[in-house]
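Read through the structure below, which is laid out as structure tokens, and then see the notes.
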Amino acid sequence: MRRKNVSKGRHFRHIVFCMAALACAVLFAANLLTPDRSFSAAENRSLSARPSLSQCLTSGWGQTADRWYSDQFVLRDTLVKLNSLAGRCAGQREVNGVYIGKDGYLFEKPTAKDPVKTERTAKAIAAFSHENPDLSCSVILVPDAASVLARNLPANAPVSGQTGEIDEFLEQLPASVRKLNASDALIKASGQKTADGEETQVFYRTDHHWTTDGAYAVFQAAQELLNIPEPAAYSRFVVSDSFQGTLASQSADGASKDAVTIYIPDSDVRTTVSYSDLQTRRASVYMPEKLEQKDQYQVFFGGNHPSVEIETTADTGRSLLVFKDSFANSFVPLLTPYYDTIILIDPRYYYENVDAVLSSYGITDVMFLYSADTLWSDTQLADALG
């Protein structure tokens, strides 16, 4: 009897081993036969490609192959999501540098302020204002979501807040530069109720950007700063309710979804938008086709570009140059009724001469609109101004 049980046990283990080996062989074959993906929409990042023959002959081939197999594994998206879900069920409150907050909010770790880089940037803005005294210069800095929505952070998250850091930076600028710390406007707006009785959402739950409602609240606070005495009325439209941004991808969190809204000025001002890198012209600052893609925030100008030219029929005699990061993409559409021309420059991708822009477009106003997370480690703005 004992020999029979032992024999059955060995037979069972043999079957399990064969099934496991078969499963591994099937998965390995599926990985070899399945075409590589160049991009993961779920993780919002590029994926490693299959090693070439020349790479196979190098000493680092093993690491290259390991990265490729890990990125191109046929069940990768499912396993990443399951791993994130298991971590949250176990009480994990940080995944891949993303804090899992309350009420579905995801928070990016704040960028540490680099005092050397920020001092250089402040000096560059001050010098630019001094060298162009006829221009009306303004700076708007936007804190991260953790600074505005601290009540939604997980307990004991090591976040100090950027509001004070922004004040310190703005104090380095001369009186000739108008300044706005967007923190107060965003905190005030986030405590207000909408017509539906819900709290105004000034940052996306699943993305690091502010919402258009947040951008509009800061626009209202900045009207005096920007010399806008008679602001137009705006109509608000919800264009999507299925947005899952970069933080959802980074943390593999698929539980929350965001609404994307746009604001249309109630005026007869028309726009023509030209993109230097795309060599195209469009009649709107919005690209609705981007709502069909993973990154729906690209509905604003289609994402980031080295430079964008917006011509309007406002006939105000004013032309605006905006140095910006991606936060400006949802803010600038609010400005079209007040300027004849708006030029957007993203110094991260722009390598042309700024002085030529000032003269050729007859610039009257300059605005620096950045998130603190970008500016704290930025060097390109000072280079562009220099």
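Each chain in the structure tokens gets a letter, A, B, ..., in the order shown, and its residues are numbered from 1; ligands are numbered from 1 in order too.
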
Which neighbours of Ala112 (chain A) fall inside 7 Å, counting only C-alpha atoms, when residues of the same chain fewer than 2 positions from it are skipped, and could you give them as a PyMOL selection string?
chain A and resi 110+114+376

Writing out the chosen residues with N, CA and C atoms as a compact mmCIF listing (two decimals), in the first residue's frame:
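Wrote it out as selection20.txt, contents follow:
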# COMPACT_ATOMS: atom_id res chain seq x y z
N PRO A 110 6.99 65.10 -4.90
CA PRO A 110 7.44 66.44 -5.31
C PRO A 110 8.91 66.44 -5.74
N ASP A 114 16.23 72.65 -6.41
CA ASP A 114 17.66 72.79 -6.57
C ASP A 114 18.02 74.27 -6.43
N TRP A 376 11.89 73.69 -10.56
CA TRP A 376 12.89 73.44 -9.53
C TRP A 376 14.13 72.73 -10.05

Leaving out Ser267 (chain A) and any residue of its chain fewer than 2 positions from it, which residues lie within 10 Å of it when counting only C-alpha atoms, given as a PyMOL selection string?
chain A and resi 232-234+264-265+269-270+314+336-337

I'd like to know which residues of region 78-310 of chain A are strand (DSSP E) (by DSSP, run on the backbone); could you write them as a ChimeraX atom specification?
/A:94-95,98-100,106-108,136-142,177-181,234-243,258-265,271-275,280-282,307-310

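Residues within 10 Å of Ala157 (chain A), counting only C-alpha atoms and excluding same-chain residues fewer than 2 positions away, are Arg93, Glu94, Tyr99, Ile100, Gly101, Lys109, Ala146, Ala150, Leu153, Pro154, Ala155, Val159 and Ser160 of chain A.
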
Generate a file of the selected residues that holds N, CA and C atoms, formatted as a PDB file, in the first residue's frame.
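Dumped to out.pdb:
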ATOM      1  N   ARG A  93       1.006  52.138   0.377  1.00  0.00           N
ATOM      2  CA  ARG A  93       0.548  53.474   0.039  1.00  0.00           C
ATOM      3  C   ARG A  93       1.512  54.228  -0.871  1.00  0.00           C
ATOM      4  N   GLU A  94       2.475  53.505  -1.423  1.00  0.00           N
ATOM      5  CA  GLU A  94       3.382  54.089  -2.408  1.00  0.00           C
ATOM      6  C   GLU A  94       3.752  53.034  -3.427  1.00  0.00           C
ATOM      7  N   TYR A  99       2.169  58.225  -4.538  1.00  0.00           N
ATOM      8  CA  TYR A  99       1.440  58.017  -3.288  1.00  0.00           C
ATOM      9  C   TYR A  99      -0.023  57.707  -3.591  1.00  0.00           C
ATOM     10  N   ILE A 100      -0.544  56.664  -2.959  1.00  0.00           N
ATOM     11  CA  ILE A 100      -1.947  56.285  -3.122  1.00  0.00           C
ATOM     12  C   ILE A 100      -2.746  57.042  -2.065  1.00  0.00           C
ATOM     13  N   GLY A 101      -3.454  58.094  -2.480  1.00  0.00           N
ATOM     14  CA  GLY A 101      -4.153  58.957  -1.546  1.00  0.00           C
ATOM     15  C   GLY A 101      -5.599  58.564  -1.315  1.00  0.00           C
ATOM     16  N   LYS A 109       5.532  62.217  -6.297  1.00  0.00           N
ATOM     17  CA  LYS A 109       6.497  62.731  -5.332  1.00  0.00           C
ATOM     18  C   LYS A 109       6.993  64.099  -5.795  1.00  0.00           C
ATOM     19  N   ALA A 146      -0.023  67.774  -4.083  1.00  0.00           N
ATOM     20  CA  ALA A 146       0.159  67.460  -2.664  1.00  0.00           C
ATOM     21  C   ALA A 146       0.131  68.718  -1.805  1.00  0.00           C
ATOM     22  N   ALA A 150      -3.525  68.475   0.603  1.00  0.00           N
ATOM     23  CA  ALA A 150      -2.822  67.740   1.654  1.00  0.00           C
ATOM     24  C   ALA A 150      -3.753  66.813   2.427  1.00  0.00           C
ATOM     25  N   LEU A 153      -3.737  63.260   1.081  1.00  0.00           N
ATOM     26  CA  LEU A 153      -2.512  62.464   1.093  1.00  0.00           C
ATOM     27  C   LEU A 153      -2.654  61.283   2.047  1.00  0.00           C
ATOM     28  N   PRO A 154      -1.933  60.193   1.790  1.00  0.00           N
ATOM     29  CA  PRO A 154      -1.928  59.106   2.771  1.00  0.00           C
ATOM     30  C   PRO A 154      -1.232  59.560   4.051  1.00  0.00           C
ATOM     31  N   ALA A 155      -1.569  58.956   5.150  1.00  0.00           N
ATOM     32  CA  ALA A 155      -1.006  59.348   6.444  1.00  0.00           C
ATOM     33  C   ALA A 155       0.514  59.244   6.431  1.00  0.00           C
ATOM     34  N   VAL A 159       5.827  64.752   2.634  1.00  0.00           N
ATOM     35  CA  VAL A 159       5.652  65.864   1.708  1.00  0.00           C
ATOM     36  C   VAL A 159       5.592  67.153   2.515  1.00  0.00           C
ATOM     37  N   SER A 160       6.496  68.090   2.222  1.00  0.00           N
ATOM     38  CA  SER A 160       6.564  69.337   2.984  1.00  0.00           C
ATOM     39  C   SER A 160       5.733  70.450   2.366  1.00  0.00           C
TER      40      SER A 160
END

Give me the region 123-166 of chain A side of the contact with region 344-367 of chain A, cut-off 6 Å, one line per residue showing its nearest atom pair and distance in Å at one decimal, counting only C-alpha atoms, sorted by chain and residue number, as JSON lines.
{"residue": "A:Leu135", "atom": "CA", "partner": "A:Thr364", "partner_atom": "CA", "distance": 5.3}
{"residue": "A:Ser136", "atom": "CA", "partner": "A:Asp365", "partner_atom": "CA", "distance": 4.7}
{"residue": "A:Cys137", "atom": "CA", "partner": "A:Val366", "partner_atom": "CA", "distance": 4.8}
{"residue": "A:Ser138", "atom": "CA", "partner": "A:Met367", "partner_atom": "CA", "distance": 4.9}
{"residue": "A:Val139", "atom": "CA", "partner": "A:Met367", "partner_atom": "CA", "distance": 5.8}

Written file, previous selection with C-alpha atoms, as a short mmCIF file (atom, residue, chain, number, x, y, z; two decimals), in the first residue's frame:
data_model
loop_
_atom_site.label_atom_id
_atom_site.label_comp_id
_atom_site.auth_asym_id
_atom_site.auth_seq_id
_atom_site.Cartn_x
_atom_site.Cartn_y
_atom_site.Cartn_z
CA LEU A 135 7.60 94.63 -21.83
CA SER A 136 5.01 93.77 -19.20
CA CYS A 137 6.50 90.67 -17.52
CA SER A 138 4.63 88.31 -15.21
CA VAL A 139 5.40 84.99 -13.51
#

Neighbouring residues of region 193-207 of chain A were defined as those with any atom within 10 Å, considering only C-alpha atoms; residues of the same chain fewer than 4 positions away were excluded. Please report them as a PyMOL selection string.
chain A and resi 101-108+144-146+148-149+185-189+211-218+243-251+253-260+295+297

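Shortest separation to Leu385 (chain A) among A:Thr271, A:Ser240, A:Asn132, A:Thr111 occurs at residue A:Asn132, atoms counted being only C-alpha atoms.
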
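Nearest to Phe301 (chain A) of all the residues A:Asp277, A:Pro229, A:Leu170, A:Ser330 is A:Ser330, counting only C-alpha atoms.
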
Would you please extract all helix (DSSP H, G or I) residues from region 71-306 of chain A, as assigned by DSSP on the backbone, and give them as a PyMOL selection string?
chain A and resi 71-72+76-89+102-104+115-131+145-148+150-152+163-171+183-190+212-221+246-251+288-292+296-299

Take the selection from the previous step and output its residues with C-alpha atoms, as a JSON list (two decimals), in the first residue's frame.
[["chain", "number", "residue", "atom", "x", "y", "z"],
["A", 71, "ASP", "CA", 8.89, 44.41, -21.23],
["A", 72, "GLN", "CA", 7.45, 42.19, -23.97],
["A", 76, "ARG", "CA", 2.82, 41.89, -18.51],
["A", 77, "ASP", "CA", -0.08, 44.39, -18.31],
["A", 78, "THR", "CA", -2.23, 41.95, -16.35],
["A", 79, "LEU", "CA", 0.57, 41.04, -13.94],
["A", 80, "VAL", "CA", 1.47, 44.70, -13.34],
["A", 81, "LYS", "CA", -2.14, 45.49, -12.44],
["A", 82, "LEU", "CA", -2.44, 42.45, -10.19],
["A", 83, "ASN", "CA", 0.78, 43.41, -8.42],
["A", 84, "SER", "CA", -0.51, 46.93, -7.81],
["A", 85, "LEU", "CA", -3.86, 45.61, -6.54],
["A", 86, "ALA", "CA", -2.13, 43.16, -4.19],
["A", 87, "GLY", "CA", 0.04, 45.95, -2.81],
["A", 88, "ARG", "CA", -2.94, 48.18, -2.11],
["A", 89, "CYS", "CA", -4.84, 45.33, -0.44],
["A", 102, "LYS", "CA", -7.71, 59.22, -0.32],
["A", 103, "ASP", "CA", -10.82, 59.63, -2.48],
["A", 104, "GLY", "CA", -9.03, 58.04, -5.45],
["A", 115, "PRO", "CA", 18.86, 76.12, -5.09],
["A", 116, "VAL", "CA", 21.65, 76.55, -7.65],
["A", 117, "LYS", "CA", 19.38, 76.02, -10.65],
["A", 118, "THR", "CA", 16.51, 78.11, -9.28],
["A", 119, "GLU", "CA", 18.82, 81.02, -8.42],
["A", 120, "ARG", "CA", 20.18, 80.93, -11.96],
["A", 121, "THR", "CA", 16.64, 80.90, -13.36],
["A", 122, "ALA", "CA", 15.57, 83.82, -11.15],
["A", 123, "LYS", "CA", 18.60, 85.86, -12.23],
["A", 124, "ALA", "CA", 17.86, 85.10, -15.89],
["A", 125, "ILE", "CA", 14.24, 86.30, -15.56],
["A", 126, "ALA", "CA", 15.39, 89.43, -13.71],
["A", 127, "ALA", "CA", 18.00, 90.17, -16.38],
["A", 128, "PHE", "CA", 15.45, 89.63, -19.16],
["A", 129, "SER", "CA", 13.04, 92.08, -17.51],
["A", 130, "HIS", "CA", 15.83, 94.64, -17.03],
["A", 131, "GLU", "CA", 16.92, 94.36, -20.67],
["A", 145, "ALA", "CA", -1.29, 68.58, -6.01],
["A", 146, "ALA", "CA", 0.16, 67.46, -2.66],
["A", 147, "SER", "CA", 0.56, 71.10, -1.60],
["A", 148, "VAL", "CA", -3.07, 71.93, -2.41],
["A", 150, "ALA", "CA", -2.82, 67.74, 1.65],
["A", 151, "ARG", "CA", -5.97, 66.35, 3.27],
["A", 152, "ASN", "CA", -6.08, 63.65, 0.58],
["A", 163, "THR", "CA", 3.83, 76.95, -1.35],
["A", 164, "GLY", "CA", 6.61, 78.42, 0.78],
["A", 165, "GLU", "CA", 9.25, 77.44, -1.77],
["A", 166, "ILE", "CA", 7.35, 79.31, -4.48],
["A", 167, "ASP", "CA", 7.17, 82.43, -2.29],
["A", 168, "GLU", "CA", 10.93, 82.26, -1.74],
["A", 169, "PHE", "CA", 11.56, 82.03, -5.47],
["A", 170, "LEU", "CA", 9.23, 84.92, -6.33],
["A", 171, "GLU", "CA", 10.92, 87.12, -3.71],
["A", 183, "SER", "CA", -1.47, 78.12, -4.33],
["A", 184, "ASP", "CA", -4.08, 80.38, -2.71],
["A", 185, "ALA", "CA", -6.38, 80.40, -5.75],
["A", 186, "LEU", "CA", -6.23, 76.61, -6.06],
["A", 187, "ILE", "CA", -6.78, 75.97, -2.35],
["A", 188, "LYS", "CA", -9.75, 78.36, -2.31],
["A", 189, "ALA", "CA", -11.30, 76.83, -5.43],
["A", 190, "SER", "CA", -10.86, 73.25, -4.18],
["A", 212, "THR", "CA", -9.08, 73.08, -16.53],
["A", 213, "ASP", "CA", -11.22, 74.10, -13.56],
["A", 214, "GLY", "CA", -8.00, 74.65, -11.60],
["A", 215, "ALA", "CA", -6.48, 76.61, -14.48],
["A", 216, "TYR", "CA", -9.63, 78.74, -14.72],
["A", 217, "ALA", "CA", -9.53, 79.53, -10.98],
["A", 218, "VAL", "CA", -5.93, 80.77, -11.35],
["A", 219, "PHE", "CA", -6.87, 82.72, -14.49],
["A", 220, "GLN", "CA", -9.51, 84.56, -12.49],
["A", 221, "ALA", "CA", -6.93, 85.36, -9.81],
["A", 246, "THR", "CA", 0.41, 59.35, -16.11],
["A", 247, "LEU", "CA", 0.10, 58.61, -12.39],
["A", 248, "ALA", "CA", -2.44, 55.87, -13.05],
["A", 249, "SER", "CA", -0.01, 54.38, -15.56],
["A", 250, "GLN", "CA", 3.00, 54.73, -13.27],
["A", 251, "SER", "CA", 1.23, 53.07, -10.35],
["A", 288, "PRO", "CA", -10.52, 66.52, -30.01],
["A", 289, "GLU", "CA", -9.01, 63.49, -31.74],
["A", 290, "LYS", "CA", -6.55, 63.20, -28.84],
["A", 291, "LEU", "CA", -9.45, 62.17, -26.60],
["A", 292, "GLU", "CA", -9.32, 58.81, -28.37],
["A", 296, "GLN", "CA", -6.23, 62.78, -23.14],
["A", 297, "TYR", "CA", -4.50, 65.86, -21.70],
["A", 298, "GLN", "CA", -3.14, 66.28, -25.22],
["A", 299, "VAL", "CA", -6.54, 67.62, -26.24]]

Closest of A:Leu334, A:Val98, A:Val142, A:Ile343 to Ser276 (chain A), counting only C-alpha atoms, is A:Ile343

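Across the model, the gap from CA of His305 (chain A) to CA of Met287 (chain A) is 13.7 Å.
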
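Between CA of Leu320 (chain A) and CA of Asp340 (chain A) lies a distance of 8.2 Å.
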